[in-house]
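Chemist: Structure file entry.csv (CSV, C-alpha atoms) is given on the next line.
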```csv
chain,number,residue,atom,x,y,z
F,1,LEU,CA,13.9,-8.0,29.5
F,2,GLU,CA,11.2,-7.8,26.8
F,3,GLN,CA,8.7,-6.2,29.2
F,4,GLU,CA,11.2,-3.7,30.5
F,5,THR,CA,12.1,-2.8,26.9
F,6,SER,CA,8.4,-2.6,25.9
F,7,SER,CA,7.6,-0.3,28.8
F,8,ALA,CA,10.6,1.9,28.0
F,9,LEU,CA,9.5,2.3,24.4
F,10,GLU,CA,5.8,3.0,25.1
F,11,GLY,CA,6.3,6.8,24.9
F,12,SER,CA,8.4,6.6,21.8
F,13,HIS,CA,5.8,4.4,20.1
F,14,GLU,CA,3.1,7.1,20.8
F,15,GLN,CA,5.4,9.8,19.4
F,16,ALA,CA,6.1,7.8,16.3
F,17,LEU,CA,2.3,7.3,15.8
F,18,GLU,CA,1.7,11.0,16.0
F,19,ALA,CA,4.5,11.7,13.6
F,20,VAL,CA,3.0,9.4,10.9
F,21,ARG,CA,-0.5,10.8,11.4
F,22,GLN,CA,0.8,14.3,10.7
F,23,ALA,CA,3.0,13.4,7.8
F,24,LYS,CA,2.2,14.7,4.3
F,25,VAL,CA,2.9,11.3,2.7
F,26,LYS,CA,2.7,7.8,4.3
F,27,HIS,CA,2.6,4.2,3.2
F,28,ALA,CA,0.5,1.5,4.8
F,29,ASP,CA,0.4,-2.3,4.6
F,30,GLU,CA,-0.7,-5.3,6.6
F,31,THR,CA,0.5,-8.9,6.9
F,32,GLY,CA,-0.5,-12.0,8.9
F,33,TRP,CA,0.6,-12.6,12.5
F,34,LYS,CA,-0.2,-15.0,15.3
F,35,LEU,CA,-1.2,-14.7,18.9
F,36,ALA,CA,-1.0,-18.1,20.6
F,37,GLY,CA,-1.7,-19.7,17.3
F,38,ILE,CA,-4.7,-17.5,16.5
F,39,LYS,CA,-4.8,-15.3,13.4
F,40,ARG,CA,-3.8,-11.7,13.9
F,41,TRP,CA,-2.7,-8.9,11.5
F,42,LEU,CA,0.5,-6.8,11.7
F,43,TRP,CA,-0.1,-3.3,10.3
F,44,VAL,CA,2.5,-0.8,9.4
F,45,VAL,CA,2.4,2.9,8.5
F,46,ALA,CA,5.7,4.4,7.3
F,47,THR,CA,7.1,7.7,6.2
F,48,GLN,CA,10.6,8.2,4.9
F,49,GLN,CA,11.8,8.6,8.5
F,50,VAL,CA,9.4,6.8,10.8
F,51,ALA,CA,7.6,3.4,10.8
F,52,VAL,CA,4.8,2.5,13.2
F,53,PHE,CA,3.6,-1.1,13.8
F,54,LEU,CA,0.3,-2.3,15.3
F,55,ILE,CA,-0.9,-5.9,15.9
F,56,HIS,CA,-4.7,-6.3,15.8
F,57,ARG,CA,-7.2,-9.1,15.4
F,58,LEU,CA,-9.0,-7.3,12.6
F,59,ARG,CA,-8.1,-6.4,9.0
F,60,ASN,CA,-10.6,-3.6,8.5
F,61,THR,CA,-11.1,0.0,9.2
F,62,VAL,CA,-10.8,-0.4,13.0
F,63,PRO,CA,-7.0,-0.8,13.2
F,64,LEU,CA,-6.6,1.7,10.4
F,65,ARG,CA,-8.4,4.4,12.5
F,66,LYS,CA,-6.2,3.5,15.4
F,67,LEU,CA,-3.2,4.2,13.3
F,68,LEU,CA,-4.3,7.2,11.2
F,69,GLY,CA,-7.4,8.5,12.8
F,70,GLN,CA,-10.9,9.1,11.4
F,71,SER,CA,-9.7,11.9,9.1
F,72,LEU,CA,-6.7,11.4,7.0
F,73,ILE,CA,-3.9,14.0,6.9
F,74,GLY,CA,-1.9,14.1,3.7
F,75,ILE,CA,-1.6,11.3,1.2
F,76,LEU,CA,-1.8,7.5,1.9
F,77,CYS,CA,-0.1,5.0,-0.4
F,78,SER,CA,-1.5,1.5,-0.2
F,79,ASP,CA,-2.7,-1.5,-2.2
F,80,ARG,CA,-6.4,-1.8,-3.0
F,81,TRP,CA,-7.6,-3.6,0.1
F,82,HIS,CA,-11.1,-2.4,0.8
F,83,ALA,CA,-10.4,-1.1,4.3
F,84,TYR,CA,-8.4,1.8,2.8
F,85,THR,CA,-11.5,3.0,0.8
F,86,MET,CA,-12.7,4.7,4.0
F,87,TYR,CA,-10.4,7.6,2.9
F,88,PRO,CA,-11.1,9.8,-0.2
F,89,ASN,CA,-9.6,8.8,-3.5
F,90,GLY,CA,-8.0,12.3,-3.8
F,91,GLN,CA,-5.9,11.5,-0.7
F,92,ARG,CA,-4.8,8.1,-1.8
F,93,GLN,CA,-2.1,6.6,-4.1
F,94,LEU,CA,-2.8,3.1,-5.2
F,95,CYS,CA,0.2,0.8,-5.8
F,96,TRP,CA,0.9,0.1,-9.4
F,97,ALA,CA,3.1,-2.8,-8.5
F,98,HIS,CA,0.2,-4.6,-6.9
F,99,LEU,CA,-2.0,-3.7,-10.0
F,100,LYS,CA,0.7,-5.2,-12.3
F,101,ARG,CA,0.6,-8.5,-10.4
F,102,ASN,CA,-3.2,-8.5,-10.6
F,103,LEU,CA,-3.1,-7.9,-14.3
F,104,GLU,CA,-0.5,-10.6,-14.9
F,105,LYS,CA,-2.8,-13.1,-13.1
F,106,LEU,CA,-5.8,-11.9,-15.2
F,107,ALA,CA,-3.7,-12.3,-18.3
F,108,GLU,CA,-3.2,-16.0,-17.6
F,109,ARG,CA,-6.9,-16.5,-18.6
F,110,ASP,CA,-8.0,-16.8,-22.2
F,111,GLY,CA,-9.9,-14.7,-24.6
F,112,PHE,CA,-11.4,-11.3,-23.6
F,113,ALA,CA,-9.8,-11.3,-20.1
F,114,ARG,CA,-6.3,-11.7,-21.6
F,115,GLU,CA,-6.9,-9.0,-24.1
F,116,ILE,CA,-8.0,-6.5,-21.5
F,117,ALA,CA,-5.2,-7.4,-19.1
F,118,GLU,CA,-2.5,-7.2,-21.8
F,119,SER,CA,-3.8,-3.8,-22.9
F,120,ALA,CA,-3.6,-2.5,-19.3
F,121,LEU,CA,-0.2,-4.1,-18.8
F,122,ALA,CA,1.2,-2.2,-21.8
F,123,ILE,CA,-0.1,1.1,-20.3
F,124,GLN,CA,1.4,0.1,-16.9
F,125,HIS,CA,4.8,-0.4,-18.6
F,126,ASP,CA,4.7,3.0,-20.2
F,127,VAL,CA,3.6,4.6,-16.9
F,128,PHE,CA,6.7,3.2,-15.1
F,129,GLU,CA,9.0,4.1,-17.9
F,130,ILE,CA,7.8,7.8,-17.7
F,131,TRP,CA,8.1,7.7,-13.9
F,132,HIS,CA,11.7,6.4,-13.9
F,133,LEU,CA,12.6,9.0,-16.5
F,134,TYR,CA,11.2,11.7,-14.2
F,135,ARG,CA,12.8,10.3,-11.1
F,136,GLY,CA,16.1,10.1,-12.9
F,137,GLY,CA,15.9,13.8,-13.8
F,138,GLY,CA,15.3,13.2,-17.5
F,139,ILE,CA,12.1,15.2,-17.7
F,140,SER,CA,10.3,17.8,-15.5
F,141,ARG,CA,7.1,17.2,-13.5
F,142,THR,CA,5.1,19.2,-16.1
F,143,GLU,CA,6.5,17.0,-18.9
F,144,MET,CA,5.7,13.8,-16.9
F,145,GLN,CA,2.1,15.0,-16.5
F,146,LYS,CA,1.9,15.8,-20.2
F,147,ARG,CA,3.1,12.3,-21.1
F,148,LEU,CA,0.9,10.5,-18.6
F,149,ASP,CA,-2.3,12.3,-19.7
F,150,PRO,CA,-3.0,10.1,-22.9
F,151,LEU,CA,-2.1,6.9,-20.9
F,152,GLU,CA,-4.7,7.9,-18.3
F,153,LYS,CA,-7.4,8.3,-21.0
F,154,GLN,CA,-6.3,5.0,-22.6
F,155,LEU,CA,-6.6,3.1,-19.4
F,156,LEU,CA,-10.0,4.6,-18.8
F,157,ARG,CA,-11.2,3.3,-22.1
F,158,THR,CA,-9.7,-0.1,-21.5
F,159,LEU,CA,-11.5,-0.4,-18.1
F,160,SER,CA,-14.7,0.7,-19.7
F,161,ARG,CA,-14.4,-2.0,-22.3
F,162,GLY,CA,-13.7,-4.6,-19.7
F,163,ALA,CA,-16.5,-3.5,-17.4
F,164,HIS,CA,-19.0,-3.9,-20.3
F,165,GLY,CA,-17.7,-7.2,-21.5
F,166,LEU,CA,-19.3,-10.6,-21.0
F,167,ASP,CA,-16.5,-12.0,-18.8
F,168,ARG,CA,-18.0,-11.5,-15.3
F,169,LYS,CA,-14.6,-11.8,-13.5
F,170,THR,CA,-13.0,-9.3,-15.8
F,171,ALA,CA,-16.0,-6.9,-15.6
F,172,GLY,CA,-15.9,-7.0,-11.8
F,173,PHE,CA,-12.2,-6.3,-11.7
F,174,CYS,CA,-12.5,-3.3,-14.1
F,175,LYS,CA,-15.5,-1.9,-12.2
F,176,ARG,CA,-13.7,-2.0,-8.9
F,177,LEU,CA,-10.6,-0.3,-10.4
F,178,TYR,CA,-12.8,2.3,-12.1
F,179,LYS,CA,-14.2,3.3,-8.7
F,180,VAL,CA,-10.7,4.2,-7.4
F,181,PHE,CA,-9.3,5.3,-10.8
F,182,GLU,CA,-8.4,8.8,-9.5
F,183,ALA,CA,-6.2,7.3,-6.8
F,184,LEU,CA,-3.9,5.8,-9.4
F,185,TRP,CA,-2.5,9.1,-10.5
F,186,THR,CA,-1.9,11.1,-7.4
F,187,PHE,CA,1.9,10.6,-7.8
F,188,ALA,CA,1.7,12.8,-10.9
F,189,LEU,CA,0.2,15.7,-9.0
F,190,VAL,CA,1.8,15.6,-5.5
F,191,GLU,CA,5.5,16.0,-4.9
F,192,GLY,CA,6.9,13.2,-2.7
F,193,VAL,CA,4.3,10.6,-3.7
F,194,GLU,CA,5.5,7.4,-5.5
F,195,PRO,CA,3.4,5.2,-7.8
F,196,THR,CA,4.1,2.0,-5.7
F,197,ASN,CA,3.8,0.9,-2.1
F,198,ASN,CA,7.2,-0.7,-2.1
F,199,HIS,CA,8.4,1.4,0.8
F,200,ALA,CA,5.9,-0.2,3.3
F,201,GLU,CA,6.7,-3.7,2.0
F,202,ARG,CA,10.5,-3.1,2.5
F,203,VAL,CA,9.9,-1.8,6.1
F,204,GLN,CA,7.7,-4.8,6.9
F,205,ARG,CA,10.2,-7.4,5.6
F,206,LEU,CA,12.0,-7.6,9.0
F,207,ALA,CA,8.7,-8.4,10.7
F,208,VAL,CA,7.9,-11.1,8.1
F,209,LEU,CA,11.3,-12.8,8.8
F,210,TRP,CA,10.7,-12.6,12.5
F,211,ARG,CA,7.2,-14.2,12.1
F,212,ARG,CA,8.7,-17.1,10.1
F,213,ARG,CA,11.2,-17.8,12.9
F,214,SER,CA,9.1,-17.2,16.0
F,215,PHE,CA,5.5,-18.1,14.8
F,216,GLY,CA,4.2,-14.9,16.3
F,217,CYS,CA,3.5,-14.0,20.0
F,218,GLN,CA,2.1,-15.9,23.0
F,219,SER,CA,0.5,-13.0,24.9
F,220,GLU,CA,-0.9,-9.5,24.4
F,221,ALA,CA,2.1,-8.1,26.3
F,222,GLY,CA,4.3,-9.9,23.7
F,223,CYS,CA,2.4,-8.2,20.9
F,224,ARG,CA,3.0,-4.8,22.5
F,225,PHE,CA,6.7,-5.6,22.6
F,226,VAL,CA,6.8,-6.6,19.0
F,227,GLU,CA,4.9,-3.4,18.0
F,228,ARG,CA,7.3,-1.1,19.9
F,229,ILE,CA,10.6,-2.8,19.2
F,230,LEU,CA,9.8,-2.9,15.5
F,231,THR,CA,8.8,0.7,15.5
F,232,ALA,CA,12.0,1.7,17.2
F,233,VAL,CA,14.4,-0.5,15.1
F,234,GLN,CA,12.8,0.3,11.7
F,235,SER,CA,12.5,4.0,12.4
F,236,LEU,CA,16.1,4.2,13.4
F,237,ARG,CA,17.1,2.3,10.3
F,238,LEU,CA,15.1,4.7,8.1
F,239,GLN,CA,17.0,7.6,9.8
F,240,LYS,CA,20.3,5.8,9.2
```
How does the structure come out when it is put into structure tokens?

Modeler:
Amino acid sequence: LEQETSSALEGSHEQALEAVRQAKVKHADETGWKLAGIKRWLWVVATQQVAVFLIHRLRNTVPLRKLLGQSLIGILCSDRWHAYTMYPNGQRQLCWAHLKRNLEKLAERDGFAREIAESALAIQHDVFEIWHLYRGGGISRTEMQKRLDPLEKQLLRTLSRGAHGLDRKTAGFCKRLYKVFEALWTFALVEGVEPTNNHAERVQRLAVLWRRRSFGCQSEAGCRFVERILTAVQSLRLQK
């Protein structure tokens, strides 16, 4: 029954893949999976109406190209995993929720690291406050951009301080974030882009629950079934 279903859904999976490639805004994420006990990665790319899943042995640019192609169309929302850096910063939106978790971890350290992290967290709090105000209809996009501008400059100064500090871990973190700084603010410029990657994580939650119960797949054919049935089920859920 699984193989009959997988075969029947093969064409739909290809159509969904083409749909997310052409979409103006999409969210991507990856989580662990197993094939006969061996480590694999379950990737997802999702729009507001379609979600596509792919199981691959790698967690790098190879599966990402299979999903989105060599040249990215539109805007990609994701975390800061290095595979996503294959695409230009101007076509990316980095997840502020992931950044918040990283900063909270950095704030657990003492001294200079905590000072930098707490300064950045205060900026992050203000960014989300402005975003929620805009999303709720309290301010216009122009007003949102106006209010975000000083926060952008403030975060840039904070990262510069951190990058030139004596704490090597903090300096490394700030330098890496500085390289992709532009991709933190795409949501302020492009309609339909959000400052988090929560959409991809919500879509992937069903797969995570399945993994915990089943411990993954036992064959490549089983992996194809998982990809296709998850694509069908989660896309239909998104479309209500």

Chemist: For each of F:Pro88, F:Gly172, F:Pro63, F:Gly74, take the minimum atom-to-atom distance to Leu106 (chain F), counting only C-alpha atoms, then give the residue where this is smallest.

Modeler: F:Gly172

Chemist: For Ala171 (chain F), which of F:Phe112, F:Trp96, F:Trp210, F:Trp41 is the closest residue, counting all atoms listed in the file?

Modeler: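 Checking each candidate against Ala171 (chain F), we get F:Phe112 as the closest.
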
Chemist: Using only C-alpha atoms, what table do you get, as a Markdown table, when you list each residue of region 76-132 of chain F with an atom no more than 8 Å from region 156-160 of chain F, its nearest pair of atoms, and their distance in Å rounded to one decimal, rows by chain then rising number?

Modeler:
```
| residue | atom | partner | partner_atom | distance |
| --- | --- | --- | --- | --- |
| F:Ile116 | CA | F:Thr158 | CA | 6.6 |
| F:Ser119 | CA | F:Thr158 | CA | 7.1 |
| F:Ala120 | CA | F:Thr158 | CA | 6.9 |
```

Chemist: Let me make sure I understand: among F:Glu129, F:Glu227, F:Glu18, F:Asp110, which one has the smallest atom-to-atom distance to Thr170 (chain F) if we use all atoms listed in the file?

Modeler: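 So, comparing all the options, the nearest one is F:Asp110.
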
Chemist: Counting all atoms listed in the file, what is within 9 Å of Ala28 (chain F), bar same-chain residues fewer than 2 positions away, as a ChimeraX atom specification?

Modeler: /F:26,30,43-46,76-79,197,199-201

Chemist: Could you check how far CA of Glu182 (chain F) sits from CA of Thr142 (chain F), in Å to one decimal?

Modeler: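 Distance between the two atoms: 18.3 Å.
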
Chemist: Please, what distance in Å, to one decimal, runs between CA of Ala19 (chain F) and CA of Arg224 (chain F)?

Modeler: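 Answer for the CA of Ala19 (chain F) to CA of Arg224 (chain F) separation: 18.8 Å.
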
Chemist: Neighbourhood query: residues within 10 Å of (5.4, 12.0, -11.1), file coordinates, counting all atoms listed in the file; return as a ChimeraX atom specification.

Modeler: /F:127-128,130-135,139-145,148,185-195
